[in-house]
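Text of structure.pdb (PDB, C-alpha atoms, pLDDT in the B column) as supplied:
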```pdb
MODEL        1
ATOM      1  CA  MET A 117      -6.194  26.031  -9.860  1.00 58.00           C
ATOM      2  CA  GLU A 118      -2.896  24.807  -8.506  1.00 55.00           C
ATOM      3  CA  TYR A 119      -1.928  21.148  -8.315  1.00 59.00           C
ATOM      4  CA  GLN A 120       0.888  19.770  -6.225  1.00 55.00           C
ATOM      5  CA  SER A 121       2.407  16.632  -7.612  1.00 50.00           C
ATOM      6  CA  SER A 122       3.394  14.352  -4.749  1.00 42.00           C
ATOM      7  CA  PHE A 123       2.881  10.879  -6.046  1.00 42.00           C
ATOM      8  CA  THR A 124      -0.759  11.007  -7.223  1.00 43.00           C
ATOM      9  CA  THR A 125      -1.996  13.658  -4.795  1.00 44.00           C
ATOM     10  CA  LEU A 126      -3.399  16.828  -6.305  1.00 48.00           C
ATOM     11  CA  GLN A 127      -3.944  19.698  -3.919  1.00 49.00           C
ATOM     12  CA  SER A 128      -5.876  22.890  -4.441  1.00 50.00           C
ATOM     13  CA  ASP A 129      -4.536  26.202  -3.113  1.00 55.00           C
ATOM     14  CA  ASP A 130      -8.059  27.264  -2.095  1.00 53.00           C
ATOM     15  CA  GLY A 131      -8.013  25.323   1.172  1.00 50.00           C
ATOM     16  CA  VAL A 132      -6.745  22.292   2.998  1.00 43.00           C
ATOM     17  CA  ASN A 133      -8.478  20.006   0.529  1.00 48.00           C
ATOM     18  CA  THR A 134      -6.547  17.029  -0.828  1.00 53.00           C
ATOM     19  CA  THR A 135      -8.033  14.916  -3.589  1.00 59.00           C
ATOM     20  CA  VAL A 136      -6.431  11.842  -5.100  1.00 64.00           C
ATOM     21  CA  ILE A 137      -7.432  11.217  -8.711  1.00 69.00           C
ATOM     22  CA  ASP A 138      -6.050   9.124 -11.549  1.00 77.00           C
ATOM     23  CA  TRP A 139      -4.380  10.532 -14.674  1.00 80.00           C
ATOM     24  CA  ASP A 140      -7.550  10.227 -16.771  1.00 79.00           C
ATOM     25  CA  GLU A 141      -9.480  12.326 -14.268  1.00 81.00           C
ATOM     26  CA  PHE A 142      -6.614  14.831 -14.108  1.00 83.00           C
ATOM     27  CA  ARG A 143      -6.695  15.266 -17.893  1.00 81.00           C
ATOM     28  CA  LYS A 144     -10.438  16.013 -17.679  1.00 81.00           C
ATOM     29  CA  SER A 145     -10.178  18.552 -14.842  1.00 84.00           C
ATOM     30  CA  ALA A 146      -6.929  20.343 -15.786  1.00 87.00           C
ATOM     31  CA  ARG A 147      -7.396  23.730 -17.474  1.00 89.00           C
ATOM     32  CA  VAL A 148      -5.162  26.064 -19.444  1.00 91.00           C
ATOM     33  CA  GLY A 149      -3.507  28.430 -16.966  1.00 91.00           C
ATOM     34  CA  ASP A 150      -3.432  25.893 -14.102  1.00 88.00           C
ATOM     35  CA  THR A 151      -0.159  25.445 -12.233  1.00 86.00           C
ATOM     36  CA  ILE A 152       1.443  22.088 -11.434  1.00 83.00           C
ATOM     37  CA  ARG A 153       3.934  22.205  -8.557  1.00 80.00           C
ATOM     38  CA  GLU A 154       6.475  19.425  -8.238  1.00 79.00           C
ATOM     39  CA  PRO A 155       9.290  19.243  -5.687  1.00 81.00           C
ATOM     40  CA  SER A 156      11.906  20.372  -8.227  1.00 87.00           C
ATOM     41  CA  ARG A 157       9.887  22.562 -10.637  1.00 86.00           C
ATOM     42  CA  THR A 158       6.677  24.459 -11.299  1.00 88.00           C
ATOM     43  CA  LEU A 159       4.808  24.011 -14.580  1.00 88.00           C
ATOM     44  CA  ARG A 160       1.964  26.018 -16.103  1.00 91.00           C
ATOM     45  CA  ILE A 161      -0.492  24.348 -18.479  1.00 91.00           C
ATOM     46  CA  TYR A 162      -0.483  26.349 -21.715  1.00 93.00           C
ATOM     47  CA  ASP A 163      -2.577  24.150 -24.035  1.00 93.00           C
ATOM     48  CA  LYS A 164      -5.074  21.304 -23.880  1.00 92.00           C
ATOM     49  CA  VAL A 165      -5.898  19.477 -27.122  1.00 92.00           C
ATOM     50  CA  TYR A 166      -8.531  16.826 -27.801  1.00 90.00           C
ATOM     51  CA  GLU A 167      -7.719  14.373 -30.589  1.00 90.00           C
ATOM     52  CA  LEU A 168     -10.089  11.727 -31.969  1.00 92.00           C
ATOM     53  CA  THR A 169      -8.729   8.199 -32.191  1.00 89.00           C
ATOM     54  CA  ALA A 170      -8.535   6.464 -35.577  1.00 91.00           C
ATOM     55  CA  SER A 171     -11.866   4.727 -34.908  1.00 92.00           C
ATOM     56  CA  GLY A 172     -13.542   8.068 -34.180  1.00 88.00           C
ATOM     57  CA  GLN A 173     -15.236   6.587 -31.108  1.00 90.00           C
ATOM     58  CA  HIS A 174     -12.844   7.877 -28.441  1.00 87.00           C
ATOM     59  CA  PHE A 175     -10.544  10.799 -27.935  1.00 86.00           C
ATOM     60  CA  VAL A 176      -7.156  11.431 -26.385  1.00 86.00           C
ATOM     61  CA  VAL A 177      -6.432  14.501 -24.267  1.00 86.00           C
ATOM     62  CA  HIS A 178      -2.988  16.066 -24.657  1.00 88.00           C
ATOM     63  CA  ILE A 179      -1.906  18.512 -21.948  1.00 88.00           C
ATOM     64  CA  TYR A 180       1.066  20.761 -22.659  1.00 91.00           C
ATOM     65  CA  ALA A 181       2.910  22.428 -19.798  1.00 90.00           C
ATOM     66  CA  GLN A 182       6.212  24.197 -19.301  1.00 91.00           C
TER      67      GLN A 182
ENDMDL
END
```

Kindly present the structure from the file in structure tokens form.
Amino acid sequence: MEYQSSFTTLQSDDGVNTTVIDWDEFRKSARVGDTIREPSRTLRIYDKVYELTASGQHFVVHIYAQ
């Protein structure tokens, strides 16, 4: 999937569909291999890591792109 970063708008290349989601939702839906297009650069997600918090009740999602 391809995302275009214009403020908080994420846009799929599959059609004229525009969906606005928050960062938490983005971290859930982003997948390794996805492309993020910004006005000045294009990034590809190469890793997505889930890390438990110290309490063990929640987790943090790290997304790595270059």

Would you kindly translate the PyMOL selection byres ((chain A and resi 140) around 12) into the concrete residues it picks from this file, as a compact mmCIF listing (two decimals) with C-alpha atoms, in the frame of the given file?
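Result saved to out-v5.txt:
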```
# COMPACT_ATOMS: atom_id res chain seq x y z
CA THR A 124 -0.76 11.01 -7.22
CA VAL A 136 -6.43 11.84 -5.10
CA ILE A 137 -7.43 11.22 -8.71
CA ASP A 138 -6.05 9.12 -11.55
CA TRP A 139 -4.38 10.53 -14.67
CA GLU A 141 -9.48 12.33 -14.27
CA PHE A 142 -6.61 14.83 -14.11
CA ARG A 143 -6.70 15.27 -17.89
CA LYS A 144 -10.44 16.01 -17.68
CA SER A 145 -10.18 18.55 -14.84
CA ALA A 146 -6.93 20.34 -15.79
CA PHE A 175 -10.54 10.80 -27.94
CA VAL A 176 -7.16 11.43 -26.38
CA VAL A 177 -6.43 14.50 -24.27
CA HIS A 178 -2.99 16.07 -24.66
CA ILE A 179 -1.91 18.51 -21.95
```

For CA of Ser156 in chain A and CA of Tyr180 in chain A, determine how far apart the two atoms are, in Å to one decimal place.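 Pair CA of Ser156 in chain A / CA of Tyr180 in chain A returns 18.1 Å.
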
Tyr162 in chain A surroundings by all atoms listed in the file, 9 Å radius, close-in-sequence under 6 positions cut, as a PyMOL selection string: chain A and resi 147-150+179-182

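For the pair CA of Thr151 in chain A and CA of Val165 in chain A, the interatomic distance is 17.0 Å.
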